[in-house]
file target_7.tsv (TSV, C-alpha atoms)
chain	number	residue	atom	x	y	z
A	1	ILE	CA	19.72	-9.01	-9.22
A	2	ALA	CA	21.36	-6.72	-6.68
A	3	ALA	CA	22.18	-9.71	-4.49
A	4	ARG	CA	24.12	-11.27	-7.39
A	5	LEU	CA	26.01	-8.08	-8.26
A	6	TYR	CA	26.75	-6.54	-4.86
A	7	PRO	CA	28.22	-7.80	-1.56
A	8	ALA	CA	25.62	-8.93	0.98
A	9	GLU	CA	26.51	-6.17	3.45
A	10	ASP	CA	25.93	-3.51	0.77
A	11	VAL	CA	22.58	-5.06	-0.13
A	12	GLY	CA	21.60	-5.03	3.54
A	13	VAL	CA	22.33	-1.33	3.97
A	14	ALA	CA	20.70	-0.38	0.66
A	15	SER	CA	17.53	-2.33	1.47
A	16	ALA	CA	17.33	-0.49	4.79
A	17	ILE	CA	17.66	2.86	2.99
A	18	VAL	CA	14.99	1.98	0.40
A	19	SER	CA	12.68	0.79	3.20
A	20	ALA	CA	13.27	4.10	4.99
A	21	LEU	CA	12.41	5.98	1.79
A	22	SER	CA	9.17	4.01	1.53
A	23	LEU	CA	8.34	4.83	5.13
A	24	THR	CA	8.94	8.57	4.66
A	25	PHE	CA	6.72	8.40	1.57
A	26	GLN	CA	3.92	6.77	3.58
A	27	LEU	CA	4.19	9.47	6.23
A	28	SER	CA	4.47	12.33	3.74
A	29	MET	CA	1.43	11.56	1.58
A	30	LEU	CA	-0.93	12.72	4.38
A	31	GLY	CA	-3.80	10.79	2.82
A	32	MET	CA	-3.73	13.05	-0.25
A	33	GLY	CA	-3.73	10.12	-2.67
A	34	SER	CA	-7.31	9.21	-1.72
A	35	ALA	CA	-8.26	12.90	-1.58
A	36	ILE	CA	-7.12	13.45	-5.17
A	37	ILE	CA	-9.22	10.55	-6.45
A	38	ARG	CA	-12.27	11.53	-4.39
A	39	PHE	CA	-12.22	15.28	-5.17
A	40	TYR	CA	-10.69	15.42	-8.65
A	41	PRO	CA	-14.14	15.43	-10.31
A	42	ASP	CA	-14.96	18.60	-8.33
A	43	TYR	CA	-11.63	20.47	-8.27
A	44	GLY	CA	-9.60	19.06	-11.16
A	45	GLU	CA	-6.07	20.46	-11.38
A	46	LYS	CA	-6.56	22.48	-8.19
A	47	ALA	CA	-6.67	19.27	-6.19
A	48	VAL	CA	-3.51	17.88	-7.77
A	49	GLY	CA	-1.54	21.15	-7.56
A	50	SER	CA	-2.46	21.67	-3.92
A	51	ALA	CA	-1.64	18.07	-2.98
A	52	LEU	CA	1.70	18.39	-4.77
A	53	VAL	CA	2.70	21.40	-2.66
A	54	VAL	CA	1.51	20.00	0.68
A	55	THR	CA	3.06	16.54	0.28
A	56	SER	CA	6.37	17.88	-1.08
A	57	VAL	CA	6.80	20.17	1.93
A	58	ALA	CA	5.86	17.33	4.28
A	59	SER	CA	8.33	15.02	2.55
A	60	LEU	CA	11.09	17.61	2.83
A	61	VAL	CA	10.60	18.06	6.58
A	62	ILE	CA	10.06	14.39	7.43
A	63	SER	CA	13.01	13.16	5.33
A	64	ILE	CA	15.40	15.68	6.93
A	65	VAL	CA	14.37	14.59	10.42
A	66	TYR	CA	14.43	10.89	9.55
A	67	GLY	CA	17.75	11.21	7.70
A	68	LEU	CA	19.38	12.91	10.70
A	69	ILE	CA	18.16	10.07	12.92
A	70	MET	CA	19.61	7.51	10.49
A	71	LEU	CA	22.99	9.27	10.55
A	72	THR	CA	23.28	8.50	14.26
A	73	SER	CA	23.66	4.82	13.27
A	74	LYS	CA	27.16	3.59	12.52
A	75	SER	CA	26.01	1.89	9.31
A	76	PHE	CA	24.84	5.20	7.82
A	77	LYS	CA	27.32	7.55	9.45
A	78	GLU	CA	30.02	6.16	7.19
A	79	LEU	CA	28.10	7.46	4.16
A	80	GLY	CA	28.58	11.05	5.34
A	81	TRP	CA	26.43	14.17	5.01
A	82	GLY	CA	26.11	13.63	1.27
A	83	PHE	CA	23.85	10.71	2.14
A	84	LEU	CA	21.44	13.06	3.94
A	85	GLY	CA	21.12	15.27	0.87
A	86	LEU	CA	20.55	12.27	-1.40
A	87	PHE	CA	18.02	10.79	1.02
A	88	VAL	CA	16.01	14.03	1.14
A	89	VAL	CA	16.03	14.46	-2.65
A	90	LEU	CA	14.90	10.87	-3.25
A	91	SER	CA	12.17	11.15	-0.60
A	92	VAL	CA	10.70	14.22	-2.29
A	93	LEU	CA	11.02	12.60	-5.72
A	94	GLU	CA	9.19	9.47	-4.55
A	95	THR	CA	6.39	11.58	-3.09
A	96	VAL	CA	6.03	13.55	-6.33
A	97	TYR	CA	6.15	10.26	-8.25
A	98	ASN	CA	3.14	8.95	-6.31
A	99	ILE	CA	1.17	12.18	-6.72
A	100	PHE	CA	1.57	11.94	-10.50
A	101	TYR	CA	0.68	8.24	-10.43
A	102	THR	CA	-2.57	9.08	-8.61
A	103	TYR	CA	-3.13	12.01	-10.99
A	104	ALA	CA	-3.10	9.64	-13.97
A	105	VAL	CA	-5.49	7.22	-12.24
A	106	ALA	CA	-7.87	10.02	-11.21
A	107	ARG	CA	-7.99	11.28	-14.81
A	108	ARG	CA	-8.95	7.76	-15.99
A	109	ILE	CA	-5.77	7.39	-18.03
A	110	ALA	CA	-4.33	4.61	-15.89
A	111	GLU	CA	-2.38	3.20	-18.85
A	112	HIS	CA	0.14	5.99	-18.20
A	113	ALA	CA	0.30	5.03	-14.52
A	114	PHE	CA	1.07	1.48	-15.64
A	115	LEU	CA	3.86	2.59	-17.97
A	116	GLN	CA	5.18	4.89	-15.25
A	117	SER	CA	5.46	1.90	-12.91
A	118	LEU	CA	7.04	-0.18	-15.66
A	119	LEU	CA	9.74	2.43	-16.26
A	120	PHE	CA	10.42	2.73	-12.53
A	121	SER	CA	10.85	-1.04	-12.27
A	122	GLY	CA	13.43	-0.77	-15.04
A	123	ARG	CA	15.82	0.71	-12.46
A	124	PHE	CA	17.39	-2.73	-12.14
A	125	LEU	CA	19.22	-2.03	-15.43
A	126	PHE	CA	21.19	0.75	-13.73
A	127	LEU	CA	22.41	-1.71	-11.10
A	128	VAL	CA	24.70	-3.33	-13.67
A	129	PHE	CA	26.56	-0.10	-14.46
A	130	LEU	CA	26.79	1.19	-10.87
A	131	ALA	CA	28.06	-1.97	-9.16
A	132	SER	CA	31.45	-0.40	-8.40
A	133	LEU	CA	29.73	2.16	-6.13
A	134	GLY	CA	28.36	-0.46	-3.73
A	135	THR	CA	25.50	0.74	-1.52
A	136	LEU	CA	25.51	4.16	-3.17
A	137	GLY	CA	25.11	2.51	-6.58
A	138	MET	CA	21.89	0.77	-5.54
A	139	VAL	CA	20.47	3.95	-4.05
A	140	ILE	CA	21.39	5.97	-7.16
A	141	ALA	CA	19.75	3.30	-9.36
A	142	PHE	CA	16.59	3.75	-7.31
A	143	GLY	CA	16.73	7.51	-7.94
A	144	LEU	CA	17.40	7.15	-11.67
A	145	GLY	CA	14.36	4.87	-11.94
A	146	LEU	CA	12.25	7.55	-10.27
A	147	LEU	CA	13.55	10.25	-12.63
A	148	LEU	CA	12.93	8.09	-15.71
A	149	ALA	CA	9.35	7.35	-14.67
A	150	LEU	CA	8.66	10.95	-13.63
A	151	GLY	CA	9.97	12.29	-16.92
A	152	TYR	CA	7.60	10.04	-18.83
A	153	VAL	CA	4.46	10.80	-16.79
A	154	MET	CA	5.11	14.56	-16.75
A	155	ILE	CA	5.32	14.56	-20.56
A	156	MET	CA	2.38	12.24	-21.21
A	157	VAL	CA	-0.04	13.32	-18.45
A	158	GLY	CA	1.02	16.95	-18.17
A	159	LEU	CA	2.08	19.30	-15.40
A	160	PRO	CA	-0.69	20.59	-13.12
A	161	LYS	CA	-0.49	24.20	-12.01
A	162	VAL	CA	1.28	24.30	-8.66
A	163	MET	CA	-1.00	26.12	-6.22
A	164	LEU	CA	-2.63	26.08	-2.82
A	165	ASN	CA	-6.40	26.07	-3.22
A	166	GLY	CA	-7.96	26.89	0.15
A	167	GLU	CA	-11.40	25.56	-0.73
A	168	PHE	CA	-10.03	22.14	-1.74
A	169	LEU	CA	-7.74	21.95	1.27
A	170	ARG	CA	-10.55	22.79	3.69
A	171	GLU	CA	-12.86	20.15	2.24
A	172	ALA	CA	-10.13	17.56	1.82
A	173	LEU	CA	-8.44	18.12	5.20
A	174	HIS	CA	-10.85	16.05	7.27
A	175	PHE	CA	-11.14	13.44	4.54
A	176	SER	CA	-7.40	13.12	3.88
A	177	ALA	CA	-6.48	13.18	7.58
A	178	GLY	CA	-8.90	10.34	8.26
A	179	ASN	CA	-7.56	8.36	5.31
A	180	TYR	CA	-4.01	9.08	6.42
A	181	PHE	CA	-4.55	7.55	9.84
A	182	ALA	CA	-6.67	4.75	8.37
A	183	GLY	CA	-3.83	3.96	5.97
A	184	ILE	CA	-1.25	4.00	8.74
A	185	LEU	CA	-3.42	1.63	10.78
A	186	ASN	CA	-3.69	-0.61	7.74
A	187	VAL	CA	0.09	-0.93	7.19
A	188	ILE	CA	1.22	-1.10	10.83
A	189	PRO	CA	0.74	-4.90	11.04
A	190	THR	CA	2.67	-5.39	7.80
A	191	TYR	CA	5.62	-3.38	9.12
A	192	LEU	CA	5.56	-4.99	12.57
A	193	MET	CA	4.94	-8.63	11.61
A	194	PRO	CA	8.51	-9.43	10.41
A	195	THR	CA	9.88	-8.16	13.72
A	196	LEU	CA	7.28	-10.20	15.60
A	197	ILE	CA	8.22	-13.40	13.75
A	198	LEU	CA	11.93	-12.71	14.14
A	199	SER	CA	11.67	-12.25	17.90
A	200	MET	CA	9.43	-15.28	18.41
A	201	LEU	CA	10.69	-17.86	15.91
A	202	GLY	CA	14.13	-16.77	14.70
A	203	LYS	CA	15.80	-15.76	11.44
A	204	GLU	CA	14.96	-18.78	9.26
A	205	GLU	CA	11.26	-18.75	10.07
A	206	ALA	CA	11.23	-14.98	9.52
A	207	ALA	CA	12.64	-15.56	6.03
A	208	TYR	CA	10.07	-18.27	5.23
A	209	PHE	CA	7.32	-15.98	6.48
A	210	TYR	CA	8.54	-12.99	4.47
A	211	ILE	CA	8.56	-14.80	1.12
A	212	ALA	CA	5.16	-16.47	1.58
A	213	PHE	CA	3.57	-13.27	2.90
A	214	SER	CA	5.05	-11.20	0.06
A	215	ILE	CA	3.77	-13.59	-2.62
A	216	GLY	CA	0.34	-13.56	-0.96
A	217	ASN	CA	0.26	-9.76	-1.10
A	218	ILE	CA	1.34	-9.81	-4.75
A	219	ILE	CA	-1.57	-12.15	-5.56
A	220	LEU	CA	-3.97	-9.71	-3.89
A	221	LEU	CA	-2.75	-6.79	-6.03
A	222	VAL	CA	-5.32	-7.61	-8.72
A	223	PRO	CA	-8.49	-7.22	-6.59
A	224	ASN	CA	-6.87	-4.15	-5.00
A	225	ALA	CA	-6.42	-2.63	-8.46
A	226	ILE	CA	-10.07	-3.40	-9.34
A	227	ASN	CA	-11.03	-1.71	-6.07
A	228	THR	CA	-9.04	1.41	-7.00
A	229	SER	CA	-10.83	1.58	-10.36
A	230	PHE	CA	-14.17	1.29	-8.56
A	231	PHE	CA	-13.11	4.18	-6.27
A	232	VAL	CA	-12.32	6.36	-9.28
A	233	GLU	CA	-15.63	5.62	-11.00
A	234	GLY	CA	-17.60	6.00	-7.77
A	235	SER	CA	-15.98	9.39	-7.13
A	236	HIS	CA	-17.18	10.53	-10.57
A	237	GLY	CA	-20.78	9.93	-9.46
A	238	LEU	CA	-21.84	6.66	-11.08
A	239	ARG	CA	-25.60	6.30	-11.36
A	240	ASN	CA	-25.37	2.50	-11.44
A	241	ILE	CA	-22.82	2.24	-8.64
A	242	LYS	CA	-24.50	-0.84	-7.14
A	243	GLU	CA	-24.24	-2.77	-10.40
A	244	THR	CA	-20.64	-1.66	-10.85
A	245	LEU	CA	-19.86	-2.80	-7.31
A	246	LYS	CA	-21.42	-6.22	-7.97
A	247	ARG	CA	-19.39	-6.65	-11.15
A	248	ALA	CA	-16.18	-5.55	-9.41
A	249	VAL	CA	-16.67	-8.04	-6.58
A	250	ALA	CA	-17.60	-10.79	-9.08
A	251	TYR	CA	-14.42	-10.17	-11.14
A	252	SER	CA	-12.33	-10.16	-7.97
A	253	TYR	CA	-13.85	-13.43	-6.74
A	254	ALA	CA	-13.41	-15.10	-10.13
A	255	TYR	CA	-9.74	-14.12	-10.07
A	256	LEU	CA	-9.30	-15.33	-6.47
A	257	LEU	CA	-10.82	-18.72	-7.34
A	258	VAL	CA	-8.28	-19.16	-10.13
A	259	ALA	CA	-5.49	-17.94	-7.83
A	260	LEU	CA	-6.57	-20.35	-5.08
A	261	VAL	CA	-6.45	-23.33	-7.45
A	262	GLY	CA	-3.06	-22.15	-8.74
A	263	VAL	CA	-1.62	-21.76	-5.25
A	264	TRP	CA	-3.00	-25.13	-4.13
A	265	LEU	CA	-1.44	-26.92	-7.13
A	266	PHE	CA	1.73	-24.95	-7.81
A	267	GLY	CA	2.42	-22.84	-4.70
A	268	GLY	CA	4.99	-25.32	-3.42
A	269	TYR	CA	6.97	-25.14	-6.67
A	270	VAL	CA	6.99	-21.35	-6.54
A	271	LEU	CA	8.25	-21.28	-2.97
A	272	ARG	CA	10.95	-23.89	-3.67
A	273	PHE	CA	12.35	-21.51	-6.27
A	274	PHE	CA	13.74	-19.52	-3.32
A	275	GLY	CA	15.04	-22.67	-1.59
A	276	GLU	CA	13.72	-25.99	-0.33
A	277	GLY	CA	13.00	-24.66	3.17
A	278	TYR	CA	10.70	-21.94	1.84
A	279	ALA	CA	8.10	-24.57	0.90
A	280	GLY	CA	7.24	-24.61	4.60
A	281	GLY	CA	5.42	-21.31	4.01
A	282	LEU	CA	2.86	-22.97	1.70
A	283	PRO	CA	0.12	-23.32	4.38
A	284	LEU	CA	0.50	-19.60	5.16
A	285	LEU	CA	0.28	-18.70	1.47
A	286	ARG	CA	-2.86	-20.79	1.06
A	287	LEU	CA	-4.48	-19.17	4.08
A	288	MET	CA	-3.66	-15.71	2.72
A	289	VAL	CA	-5.47	-16.46	-0.53
A	290	ILE	CA	-8.45	-17.90	1.38
A	291	GLY	CA	-8.44	-14.75	3.51
A	292	GLY	CA	-8.57	-12.76	0.30
A	293	PHE	CA	-12.29	-13.58	-0.07
A	294	PRO	CA	-13.41	-11.66	3.06
A	295	ALA	CA	-10.61	-9.14	2.45
A	296	VAL	CA	-12.13	-8.24	-0.94
A	297	VAL	CA	-15.52	-7.49	0.62
A	298	VAL	CA	-13.92	-5.43	3.40
A	299	GLY	CA	-11.88	-3.54	0.80
A	300	PHE	CA	-14.88	-2.64	-1.36
A	301	ALA	CA	-16.97	-1.73	1.69
A	302	SER	CA	-14.12	0.57	2.78
A	303	THR	CA	-14.16	2.19	-0.66
A	304	VAL	CA	-17.91	2.81	-0.33
A	305	LEU	CA	-17.19	4.53	3.00
A	306	ASN	CA	-14.56	6.66	1.27
A	307	ILE	CA	-16.98	7.63	-1.49
A	308	GLN	CA	-19.45	8.62	1.23
A	309	LYS	CA	-16.65	10.56	3.02
A	310	ARG	CA	-17.23	8.55	6.21
A	311	VAL	CA	-13.58	8.37	7.21
A	312	ARG	CA	-14.21	8.03	10.95
A	313	VAL	CA	-15.98	4.73	10.37
A	314	LEU	CA	-13.16	3.69	8.04
A	315	MET	CA	-10.59	4.47	10.75
A	316	ALA	CA	-12.53	2.39	13.26
A	317	VAL	CA	-12.71	-0.58	10.85
A	318	ASN	CA	-8.97	-0.40	10.12
A	319	ALA	CA	-8.17	-0.10	13.83
A	320	LEU	CA	-10.23	-3.23	14.52
A	321	ARG	CA	-8.60	-5.11	11.64
A	322	ALA	CA	-5.07	-4.12	12.68
A	323	SER	CA	-5.56	-4.95	16.34
A	324	MET	CA	-7.14	-8.33	15.53
A	325	PHE	CA	-4.38	-9.20	13.05
A	326	LEU	CA	-1.61	-8.39	15.52
A	327	GLY	CA	-3.44	-9.87	18.52
A	328	LEU	CA	-4.40	-13.16	16.88
A	329	SER	CA	-0.94	-13.55	15.32
A	330	TYR	CA	0.72	-12.90	18.68
A	331	LEU	CA	-1.54	-15.55	20.19
A	332	PHE	CA	-1.11	-18.24	17.52
A	333	VAL	CA	2.50	-17.83	16.29
A	334	PRO	CA	4.18	-19.31	19.43
A	335	ARG	CA	1.87	-22.34	19.15
A	336	ILE	CA	1.76	-23.16	15.44
A	337	GLY	CA	4.54	-21.05	13.87
A	338	ILE	CA	4.10	-18.81	10.85
A	339	LEU	CA	0.76	-20.45	10.09
A	340	GLY	CA	-0.51	-18.39	13.01
A	341	VAL	CA	-0.04	-15.26	10.88
A	342	GLY	CA	-2.38	-16.78	8.30
A	343	LEU	CA	-5.01	-17.44	10.96
A	344	GLY	CA	-4.59	-13.88	12.21
A	345	TRP	CA	-4.96	-12.59	8.64
A	346	VAL	CA	-8.16	-14.55	8.00
A	347	GLY	CA	-9.61	-13.83	11.46
A	348	SER	CA	-8.99	-10.09	11.25
A	349	HIS	CA	-10.86	-9.78	7.96
A	350	PHE	CA	-13.78	-11.89	9.12
A	351	GLY	CA	-13.90	-9.73	12.26
A	352	ALA	CA	-13.92	-6.53	10.19
A	353	LEU	CA	-16.52	-8.04	7.87
A	354	GLY	CA	-18.76	-8.87	10.83
A	355	ALA	CA	-18.43	-5.37	12.25
A	356	MET	CA	-19.28	-3.83	8.87
A	357	GLY	CA	-22.24	-6.20	8.48
A	358	VAL	CA	-23.69	-5.05	11.82
A	359	MET	CA	-23.11	-1.40	10.90
A	360	PHE	CA	-24.71	-1.59	7.46
A	361	ARG	CA	-27.60	-3.68	8.80
A	362	LYS	CA	-28.42	-0.95	11.31
A	363	GLU	CA	-28.31	1.66	8.53
A	364	ILE	CA	-30.70	-0.38	6.40
A	365	GLN	CA	-33.09	-0.73	9.34
A	366	LYS	CA	-32.96	3.03	9.95
A	367	HIS	CA	-33.65	3.67	6.26
A	368	ILE	CA	-36.67	1.32	6.33
A	369	SER	CA	-38.06	2.92	9.47
A	370	ARG	CA	-37.83	6.37	7.87
A	371	SER	CA	-39.28	5.23	4.55
A	372	VAL	CA	-42.13	3.05	5.83
A	373	PRO	CA	-43.31	4.33	9.23
A	374	GLY	CA	-44.79	1.68	11.48
A	375	GLU	CA	-43.39	-1.26	9.46
A	376	ALA	CA	-39.78	-1.23	10.66

call {"tool": "encode", "arguments": {"input": "target_7.tsv", "output": "structure tokens"}}
result
Amino acid sequence: IAARLYPAEDVGVASAIVSALSLTFQLSMLGMGSAIIRFYPDYGEKAVGSALVVTSVASLVISIVYGLIMLTSKSFKELGWGFLGLFVVLSVLETVYNIFYTYAVARRIAEHAFLQSLLFSGRFLFLVFLASLGTLGMVIAFGLGLLLALGYVMIMVGLPKVMLNGEFLREALHFSAGNYFAGILNVIPTYLMPTLILSMLGKEEAAYFYIAFSIGNIILLVPNAINTSFFVEGSHGLRNIKETLKRAVAYSYAYLLVALVGVWLFGGYVLRFFGEGYAGGLPLLRLMVIGGFPAVVVGFASTVLNIQKRVRVLMAVNALRASMFLGLSYLFVPRIGILGVGLGWVGSHFGALGAMGVMFRKEIQKHISRSVPGEA
């Protein structure tokens, strides 16, 4: 919609700003999203209030530093110092937005998190009325969407007491720090892959890759959402956690089977919607959905590690997955094009799955040897 209403150069600058806002959000959360879900059953509002303070301060500091760096670029320098203030405000707002989103999920009232997201996505309506402002109009529309969604969730979910609870922070520090670095390791390939494709294959192939890869990630949102629900229930101390895990994996696999058939039959039509050349990304899209099957198991196993507070193991798994994804893609892309990313995607998850299988097998053997001496 923005591309139809605004000049291409304005869209380019605005997309860079929004991407920078997303990056500062990733850096500012400090792993507190997972910590809220894991420790909310024990600390309640204390966990949310403490996370709100810590992440807001982190967002303030990181956005100021990042904004000053951006102002050294000619493209942003023209926006003036007012841009820095707007960038900082929006960074803090986005961080607060995500804390409240996680708050609703942790309280098992995820319908409000859904409506919060729906209202935020309604920011495209503001684009129509702010078109005369160019780049600034798109950025302001982003901020108005945040305010609209925040207003709703604050009214419907409630305001936690802002505090710093030392007990929660001490227990959550190791957990959240581990999740923070595990999360960063998980997204590094996603941030670096477009640059890798651009440098190796050129602009057109980078565009074909981006659309196919984005659609593949959208398809995988459903099993990721099921996984988040499993994390919430597991953190509340489910007695039948094994049965819940089996059902969650079964639902995810049933969905992926339907998605795989849909992509195989209609994926080409979807990609051609963006242009005839984009249909060349169909093999990559198909591989991404196929890779979703091992990815689902790795995702649920990672959640089990989170429930058990074994973040060091989680970091090691994510480091292996990230390095394999980047390494295999770097190896295959020059030879077979963007399809090499798909092979890297599938290979990295099978590699992580194998490593987890070895790890859990050793744990089972240790458990047997302790339980039944002499029969291990």

call {"tool": "closest_residue", "arguments": {"input": "target_7.tsv", "among": "A:Ser323, A:Ser348, A:Asn165, A:Ser132", "to": "Glu45 in chain A", "atoms": "only C-alpha atoms"}}
result
A:Asn165

call {"tool": "atom_distance", "arguments": {"input": "target_7.tsv", "atom1": "CA of Met315 in chain A", "atom2": "CA of Val187 in chain A"}}
result
12.5 Å

call {"tool": "closest_residue", "arguments": {"input": "target_7.tsv", "among": "A:Ala177, A:Ile241, A:Val13, A:Leu130", "to": "Leu27 in chain A", "atoms": "only C-alpha atoms"}}
result
A:Ala177

call {"tool": "residues_around", "arguments": {"input": "target_7.tsv", "residues": "Leu220 in chain A", "least_positions_apart": "6", "cutoff": "9 Å", "atoms": "only C-alpha atoms", "output": "mmCIF file with C-alpha atoms, keeping the file's coordinate frame"}}
result
data_model
loop_
_atom_site.group_PDB
_atom_site.id
_atom_site.type_symbol
_atom_site.label_atom_id
_atom_site.label_comp_id
_atom_site.auth_asym_id
_atom_site.auth_seq_id
_atom_site.Cartn_x
_atom_site.Cartn_y
_atom_site.Cartn_z
ATOM 1 C CA LEU A 256 -9.300 -15.330 -6.470
ATOM 2 C CA MET A 288 -3.660 -15.710 2.720
ATOM 3 C CA VAL A 289 -5.470 -16.460 -0.530
ATOM 4 C CA GLY A 292 -8.570 -12.760 0.300
ATOM 5 C CA VAL A 296 -12.130 -8.240 -0.940
#

call {"tool": "closest_residue", "arguments": {"input": "target_7.tsv", "among": "A:Ala51, A:Ala254, A:Ile64, A:Val162", "to": "Phe83 in chain A", "atoms": "all atoms listed in the file"}}
result
A:Ile64

call {"tool": "atom_distance", "arguments": {"input": "target_7.tsv", "atom1": "CA of Leu127 in chain A", "atom2": "CA of Ala141 in chain A"}}
result
5.9 Å

call {"tool": "residues_around", "arguments": {"input": "target_7.tsv", "residues": "Ala20 in chain A", "least_positions_apart": "5", "cutoff": "12 Å", "atoms": "all atoms listed in the file", "output": "PyMOL selection string"}}
result
chain A and resi 13-15+25-27+62-67+69-70+76+87-88+90-91+94+139+191

call {"tool": "residues_around", "arguments": {"input": "target_7.tsv", "residues": "Val304 in chain A", "least_positions_apart": "3", "cutoff": "12 Å", "atoms": "all atoms listed in the file", "output": "PyMOL selection string"}}
result
chain A and resi 38+227-228+230-235+237+241-242+244-245+297-301+307-311+313-314+356+360

call {"tool": "atom_distance", "arguments": {"input": "target_7.tsv", "atom1": "CA of Leu148 in chain A", "atom2": "CA of Phe120 in chain A"}}
result
6.7 Å

call {"tool": "decode", "arguments": {"input": "target_7.tsv", "residues": "range 80-113 of chain A", "atoms": "C-alpha atoms", "output": "short mmCIF file (atom, residue, chain, number, x, y, z; two decimals), in the first residue's frame"}}
result
data_model
loop_
_atom_site.label_atom_id
_atom_site.label_comp_id
_atom_site.auth_asym_id
_atom_site.auth_seq_id
_atom_site.Cartn_x
_atom_site.Cartn_y
_atom_site.Cartn_z
CA GLY A 80 17.31 16.33 11.25
CA TRP A 81 17.50 15.91 15.02
CA GLY A 82 13.73 15.58 15.24
CA PHE A 83 14.17 12.18 13.62
CA LEU A 84 16.36 11.04 16.54
CA GLY A 85 13.67 11.95 19.06
CA LEU A 86 10.97 10.18 17.04
CA PHE A 87 13.18 7.12 16.59
CA VAL A 88 13.84 6.85 20.34
CA VAL A 89 10.15 7.27 21.24
CA LEU A 90 9.04 4.65 18.72
CA SER A 91 11.75 2.22 19.87
CA VAL A 92 10.57 2.44 23.48
CA LEU A 93 6.93 2.16 22.41
CA GLU A 94 7.64 -0.97 20.36
CA THR A 95 9.45 -2.55 23.30
CA VAL A 96 6.56 -1.77 25.66
CA TYR A 97 4.15 -3.09 23.01
CA ASN A 98 5.92 -6.46 22.99
CA ILE A 99 6.05 -6.68 26.79
CA PHE A 100 2.27 -6.23 26.94
CA TYR A 101 1.79 -8.74 24.12
CA THR A 102 3.78 -11.32 26.11
CA TYR A 103 1.89 -10.32 29.27
CA ALA A 104 -1.43 -11.23 27.62
CA VAL A 105 -0.05 -14.56 26.38
CA ALA A 106 1.44 -15.42 29.79
CA ARG A 107 -1.92 -14.74 31.46
CA ARG A 108 -3.60 -17.16 29.01
CA ILE A 109 -5.73 -14.41 27.49
CA ALA A 110 -4.08 -14.54 24.09
CA GLU A 111 -7.24 -13.31 22.37
CA HIS A 112 -6.22 -9.82 23.53
CA ALA A 113 -2.74 -10.33 22.09
#
